[in-house]
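Structure file protein_15.pdb with PDB, C-alpha atoms, pLDDT in the B column:
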ATOM      1  CA  SER A1101     -50.406  16.038  60.120  1.00 56.00           C
ATOM      2  CA  ARG A1102     -47.071  14.739  61.315  1.00 61.00           C
ATOM      3  CA  ARG A1103     -48.416  11.368  62.426  1.00 58.00           C
ATOM      4  CA  LEU A1104     -49.772  10.598  58.977  1.00 58.00           C
ATOM      5  CA  SER A1105     -46.535  11.552  57.262  1.00 66.00           C
ATOM      6  CA  ARG A1106     -44.499   9.053  59.315  1.00 61.00           C
ATOM      7  CA  ARG A1107     -43.326   5.871  57.661  1.00 72.00           C
ATOM      8  CA  PRO A1108     -44.726   3.468  58.534  1.00 77.00           C
ATOM      9  CA  ALA A1109     -47.927   5.336  59.305  1.00 81.00           C
ATOM     10  CA  VAL A1110     -49.441   5.108  62.781  1.00 89.00           C
ATOM     11  CA  THR A1111     -52.519   2.889  62.620  1.00 92.00           C
ATOM     12  CA  LEU A1112     -55.605   2.798  64.796  1.00 93.00           C
ATOM     13  CA  LEU A1113     -54.319  -0.525  66.163  1.00 95.00           C
ATOM     14  CA  ASP A1114     -51.038   1.198  67.146  1.00 95.00           C
ATOM     15  CA  VAL A1115     -52.966   3.888  69.005  1.00 95.00           C
ATOM     16  CA  PHE A1116     -55.164   1.300  70.735  1.00 96.00           C
ATOM     17  CA  GLN A1117     -52.144  -0.748  71.849  1.00 97.00           C
ATOM     18  CA  GLN A1118     -50.397   2.357  73.156  1.00 96.00           C
ATOM     19  CA  HIS A1119     -53.467   3.251  75.245  1.00 96.00           C
ATOM     20  CA  ALA A1120     -53.821  -0.361  76.417  1.00 97.00           C
ATOM     21  CA  ARG A1121     -50.226  -0.293  77.704  1.00 97.00           C
ATOM     22  CA  ARG A1122     -50.461   3.136  79.317  1.00 97.00           C
ATOM     23  CA  ARG A1123     -54.019   3.007  80.669  1.00 97.00           C
ATOM     24  CA  PRO A1124     -55.128  -0.627  80.848  1.00 97.00           C
ATOM     25  CA  HIS A1125     -57.863  -0.002  83.421  1.00 98.00           C
ATOM     26  CA  GLN A1126     -59.342   3.066  81.739  1.00 98.00           C
ATOM     27  CA  PRO A1127     -62.820   2.537  80.287  1.00 97.00           C
ATOM     28  CA  LEU A1128     -62.857   2.220  76.514  1.00 96.00           C
ATOM     29  CA  LEU A1129     -66.441   1.197  75.819  1.00 96.00           C
ATOM     30  CA  ARG A1130     -69.748   1.272  77.623  1.00 97.00           C
ATOM     31  CA  PHE A1131     -72.428  -1.042  76.272  1.00 96.00           C
ATOM     32  CA  GLN A1132     -75.736  -1.291  78.085  1.00 95.00           C
ATOM     33  CA  ASP A1133     -74.766  -1.986  81.736  1.00 95.00           C
ATOM     34  CA  GLU A1134     -71.226  -3.165  81.018  1.00 96.00           C
ATOM     35  CA  ILE A1135     -67.971  -1.234  80.868  1.00 97.00           C
ATOM     36  CA  TYR A1136     -65.005  -2.596  78.916  1.00 97.00           C
ATOM     37  CA  THR A1137     -61.511  -1.323  79.658  1.00 97.00           C
ATOM     38  CA  TYR A1138     -58.582  -1.227  77.261  1.00 97.00           C
ATOM     39  CA  GLU A1139     -57.241  -4.308  79.028  1.00 97.00           C
ATOM     40  CA  ASP A1140     -60.571  -6.148  78.580  1.00 97.00           C
ATOM     41  CA  MET A1141     -60.622  -5.410  74.861  1.00 97.00           C
ATOM     42  CA  ASP A1142     -56.951  -6.307  74.458  1.00 97.00           C
ATOM     43  CA  ARG A1143     -57.416  -9.681  76.163  1.00 97.00           C
ATOM     44  CA  ARG A1144     -60.604 -10.511  74.267  1.00 96.00           C
ATOM     45  CA  SER A1145     -59.075  -9.530  70.952  1.00 96.00           C
ATOM     46  CA  ASN A1146     -55.971 -11.626  71.721  1.00 97.00           C
ATOM     47  CA  ARG A1147     -58.159 -14.661  72.448  1.00 96.00           C
ATOM     48  CA  ALA A1148     -60.153 -14.071  69.270  1.00 95.00           C
ATOM     49  CA  ALA A1149     -56.947 -13.680  67.226  1.00 96.00           C
ATOM     50  CA  TRP A1150     -55.586 -16.917  68.702  1.00 96.00           C
ATOM     51  CA  ALA A1151     -58.789 -18.810  67.869  1.00 94.00           C
ATOM     52  CA  LEU A1152     -58.990 -17.396  64.346  1.00 94.00           C
ATOM     53  CA  SER A1153     -55.387 -18.257  63.552  1.00 95.00           C
ATOM     54  CA  ARG A1154     -54.898 -21.529  65.436  1.00 94.00           C
ATOM     55  CA  ARG A1155     -58.319 -23.120  65.098  1.00 91.00           C
ATOM     56  CA  LEU A1156     -59.390 -21.749  61.722  1.00 89.00           C
ATOM     57  CA  GLY A1157     -56.014 -21.300  60.072  1.00 91.00           C
ATOM     58  CA  LEU A1158     -56.575 -17.637  59.274  1.00 93.00           C
ATOM     59  CA  GLN A1159     -53.398 -15.972  58.006  1.00 94.00           C
ATOM     60  CA  SER A1160     -52.257 -12.431  57.388  1.00 96.00           C
ATOM     61  CA  GLY A1161     -53.699 -11.060  54.178  1.00 94.00           C
ATOM     62  CA  HIS A1162     -56.873 -13.174  54.253  1.00 94.00           C
ATOM     63  CA  THR A1163     -59.955 -10.977  53.981  1.00 94.00           C
ATOM     64  CA  VAL A1164     -62.687 -11.684  56.524  1.00 95.00           C
ATOM     65  CA  ALA A1165     -66.267 -10.524  56.010  1.00 94.00           C
ATOM     66  CA  VAL A1166     -67.827  -9.506  59.317  1.00 93.00           C
ATOM     67  CA  PHE A1167     -71.605  -9.685  59.703  1.00 90.00           C
ATOM     68  CA  LEU A1168     -71.962  -8.617  63.328  1.00 90.00           C
ATOM     69  CA  PRO A1169     -74.309  -6.170  65.067  1.00 89.00           C
ATOM     70  CA  ASN A1170     -72.992  -3.021  66.774  1.00 88.00           C
ATOM     71  CA  GLU A1171     -71.933  -4.685  70.011  1.00 91.00           C
ATOM     72  CA  PRO A1172     -68.612  -5.080  71.878  1.00 94.00           C
ATOM     73  CA  THR A1173     -67.905  -8.298  69.961  1.00 93.00           C
ATOM     74  CA  TYR A1174     -67.544  -6.189  66.824  1.00 93.00           C
ATOM     75  CA  VAL A1175     -64.760  -4.118  68.419  1.00 95.00           C
ATOM     76  CA  TRP A1176     -62.644  -7.021  69.655  1.00 94.00           C
ATOM     77  CA  THR A1177     -63.205  -8.892  66.386  1.00 95.00           C
ATOM     78  CA  TRP A1178     -61.913  -5.877  64.461  1.00 95.00           C
ATOM     79  CA  LEU A1179     -58.911  -5.623  66.792  1.00 97.00           C
ATOM     80  CA  ALA A1180     -58.199  -9.361  66.463  1.00 97.00           C
ATOM     81  CA  LEU A1181     -58.254  -9.167  62.676  1.00 97.00           C
ATOM     82  CA  ALA A1182     -56.020  -6.083  62.703  1.00 97.00           C
ATOM     83  CA  LYS A1183     -53.549  -7.905  64.980  1.00 97.00           C
ATOM     84  CA  LEU A1184     -53.478 -10.788  62.498  1.00 97.00           C
ATOM     85  CA  GLY A1185     -53.042  -8.477  59.504  1.00 96.00           C
ATOM     86  CA  CYS A1186     -56.368  -9.511  57.984  1.00 96.00           C
ATOM     87  CA  PRO A1187     -58.424  -6.941  56.099  1.00 95.00           C
ATOM     88  CA  MET A1188     -62.013  -6.754  57.334  1.00 94.00           C
ATOM     89  CA  ALA A1189     -64.962  -6.364  54.996  1.00 94.00           C
ATOM     90  CA  CYS A1190     -67.788  -4.878  57.055  1.00 91.00           C
ATOM     91  CA  LEU A1191     -71.217  -6.172  56.063  1.00 91.00           C
ATOM     92  CA  ASN A1192     -74.348  -4.276  57.006  1.00 87.00           C
ATOM     93  CA  CYS A1193     -76.499  -6.462  59.272  1.00 84.00           C
ATOM     94  CA  ASN A1194     -79.648  -4.980  57.762  1.00 85.00           C
ATOM     95  CA  VAL A1195     -78.827  -6.156  54.244  1.00 84.00           C
ATOM     96  CA  ARG A1196     -80.389  -9.352  52.941  1.00 86.00           C
ATOM     97  CA  GLY A1197     -80.907 -11.243  49.705  1.00 90.00           C
ATOM     98  CA  ARG A1198     -79.211 -10.061  46.528  1.00 92.00           C
ATOM     99  CA  ALA A1199     -77.521  -7.102  48.209  1.00 90.00           C
ATOM    100  CA  LEU A1200     -75.933  -9.382  50.807  1.00 88.00           C
ATOM    101  CA  ARG A1201     -74.807 -11.848  48.160  1.00 88.00           C
ATOM    102  CA  HIS A1202     -73.283  -8.992  46.154  1.00 91.00           C
ATOM    103  CA  ALA A1203     -71.444  -7.672  49.233  1.00 89.00           C
ATOM    104  CA  LEU A1204     -70.070 -11.148  49.988  1.00 88.00           C
ATOM    105  CA  GLU A1205     -68.906 -11.666  46.421  1.00 90.00           C
ATOM    106  CA  ALA A1206     -67.319  -8.210  46.266  1.00 91.00           C
ATOM    107  CA  ALA A1207     -65.471  -8.815  49.538  1.00 90.00           C
ATOM    108  CA  GLN A1208     -63.819 -11.972  48.170  1.00 91.00           C
ATOM    109  CA  ALA A1209     -63.524 -13.075  51.781  1.00 90.00           C
ATOM    110  CA  THR A1210     -61.802 -16.223  52.949  1.00 88.00           C
ATOM    111  CA  LEU A1211     -64.187 -16.393  55.898  1.00 90.00           C
ATOM    112  CA  VAL A1212     -67.442 -14.802  57.069  1.00 90.00           C
ATOM    113  CA  LEU A1213     -67.928 -14.157  60.782  1.00 91.00           C
ATOM    114  CA  ALA A1214     -71.511 -13.707  61.940  1.00 87.00           C
ATOM    115  CA  SER A1215     -73.255 -13.747  65.278  1.00 80.00           C
ATOM    116  CA  PRO A1216     -75.645 -16.665  65.808  1.00 75.00           C
ATOM    117  CA  GLY A1217     -78.577 -14.229  65.560  1.00 65.00           C
ATOM    118  CA  GLU A1218     -77.563 -13.013  62.096  1.00 56.00           C
ATOM    119  CA  ARG A1219     -78.873 -15.330  59.446  1.00 53.00           C
ATOM    120  CA  GLY A1220     -78.768 -13.179  56.377  1.00 50.00           C
ATOM    121  CA  THR A1221     -80.391 -14.783  53.380  1.00 47.00           C
ATOM    122  CA  THR A1222     -77.856 -15.028  50.581  1.00 46.00           C
ATOM    123  CA  GLY A1223     -79.725 -17.526  48.467  1.00 44.00           C
ATOM    124  CA  ARG A1224     -77.332 -20.258  49.557  1.00 44.00           C
ATOM    125  CA  SER A1225     -79.031 -22.743  51.844  1.00 39.00           C
ATOM    126  CA  GLY A1226     -81.103 -19.968  53.370  1.00 37.00           C
ATOM    127  CA  GLY A1227     -78.115 -17.980  54.647  1.00 42.00           C
ATOM    128  CA  PHE A1228     -75.389 -18.875  57.080  1.00 40.00           C
ATOM    129  CA  GLY A1229     -77.301 -21.863  58.404  1.00 36.00           C
ATOM    130  CA  ASN A1230     -76.149 -23.641  61.561  1.00 33.00           C
ATOM    131  CA  THR A1231     -72.464 -22.948  61.136  1.00 35.00           C
ATOM    132  CA  GLY A1232     -71.939 -21.424  64.557  1.00 38.00           C
ATOM    133  CA  GLY A1233     -71.335 -17.989  63.082  1.00 48.00           C
ATOM    134  CA  LEU A1234     -68.746 -19.106  60.529  1.00 47.00           C
ATOM    135  CA  TRP A1235     -69.216 -19.583  56.851  1.00 44.00           C
ATOM    136  CA  SER A1236     -66.619 -20.172  54.207  1.00 42.00           C
ATOM    137  CA  PRO A1237     -67.677 -18.941  50.768  1.00 41.00           C
TER     138      PRO A1237
END

Structure encoded using structure tokens:
Amino acid sequence: SRRLSRRPAVTLLDVFQQHARRRPHQPLLRFQDEIYTYEDMDRRSNRAAWALSRRLGLQSGHTVAVFLPNEPTYVWTWLALAKLGCPMACLNCNVRGRALRHALEAAQATLVLASPGERGTTGRSGGFGNTGGLWSP
């Protein structure tokens, strides 16, 4: 298609930002009883990007492994990482043990983001431990 042949290519982040500017109050995501608009996701992803860069020192090009369940947090985390220029290695929340360790090693991530409820056993101190959802390999 024409869009893919453009240089630079149009990314999913570009499309999201275009929709967020044009239709900020349009629903983007429904999760359980909550509705998130483009504006909601843009604001949350901006806050997450700020925290990841300013508080954790994350820089463009750093790979981040994400160990999050399929919830709205996953979407704004992905958007935040895309805004920062950080590749995201998606880890399956159902994987544990050796498979999880292998996925983490293959990702060569600078940082692992996990929800407090995800304590995948990697063989290292029982998993992510009490790190508040952050673990640096």

| query | For Arg1144 in chain A, which residue out of A:Gly1197, A:Gly1185, A:Pro1172, A:Pro1216 is the nearest one, using all atoms listed in the file? | reply | A:Pro1172

| Separation of CA of Arg1147 in chain A from CA of Ala1180 in chain A in Å | 8.0 Å

| query | On this structure, which residues satisfy the PyMOL selection byres ((chain A and resi 1152) around 12), written as JSON, numbers by chain? | reply | {"A": [1145, 1146, 1147, 1148, 1149, 1150, 1151, 1153, 1154, 1155, 1156, 1157, 1158, 1159, 1160, 1162, 1164, 1177, 1178, 1180, 1181, 1182, 1183, 1184, 1185, 1186, 1210, 1211, 1212, 1213, 1234]}

| field | Test item: residues at most 8 Å from Ala1120 in chain A, only C-alpha atoms, excluding those fewer than 2 positions along its chain, as a ChimeraX atom specification | value | /A:1116-1118,1122-1124,1138-1139,1142

| Straight-line distance linking CA of Ile1135 in chain A with CA of Cys1190 in chain A, stated in Å to one decimal |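 Spanning CA of Ile1135 in chain A to CA of Cys1190 in chain A is a straight-line distance of 24.1 Å.
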
| task | Measure the distance from CA of Asn1192 in chain A to CA of Phe1167 in chain A in Å and round it to one decimal. | result | 6.6 Å

| task | Kindly provide, as a list in words, the polymer residues lying within 7 Å of (-66.1, -7.2, 51.8), counting all atoms listed in the file and using the coordinates exactly as they appear in the file. | result |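 Residues with an atom close enough to that point: Ala1165, Met1188, Ala1189, Cys1190, Leu1191, Ala1203, Leu1204, Ala1206, Ala1207, Gln1208 and Ala1209 of chain A.
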
| task | Tell me which of A:Ala1199, A:Val1175, A:Val1110, A:Cys1193 sits closest to Phe1131 in chain A, counting only C-alpha atoms. | result |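 For Phe1131 in chain A, the nearest of the candidates is A:Val1175.
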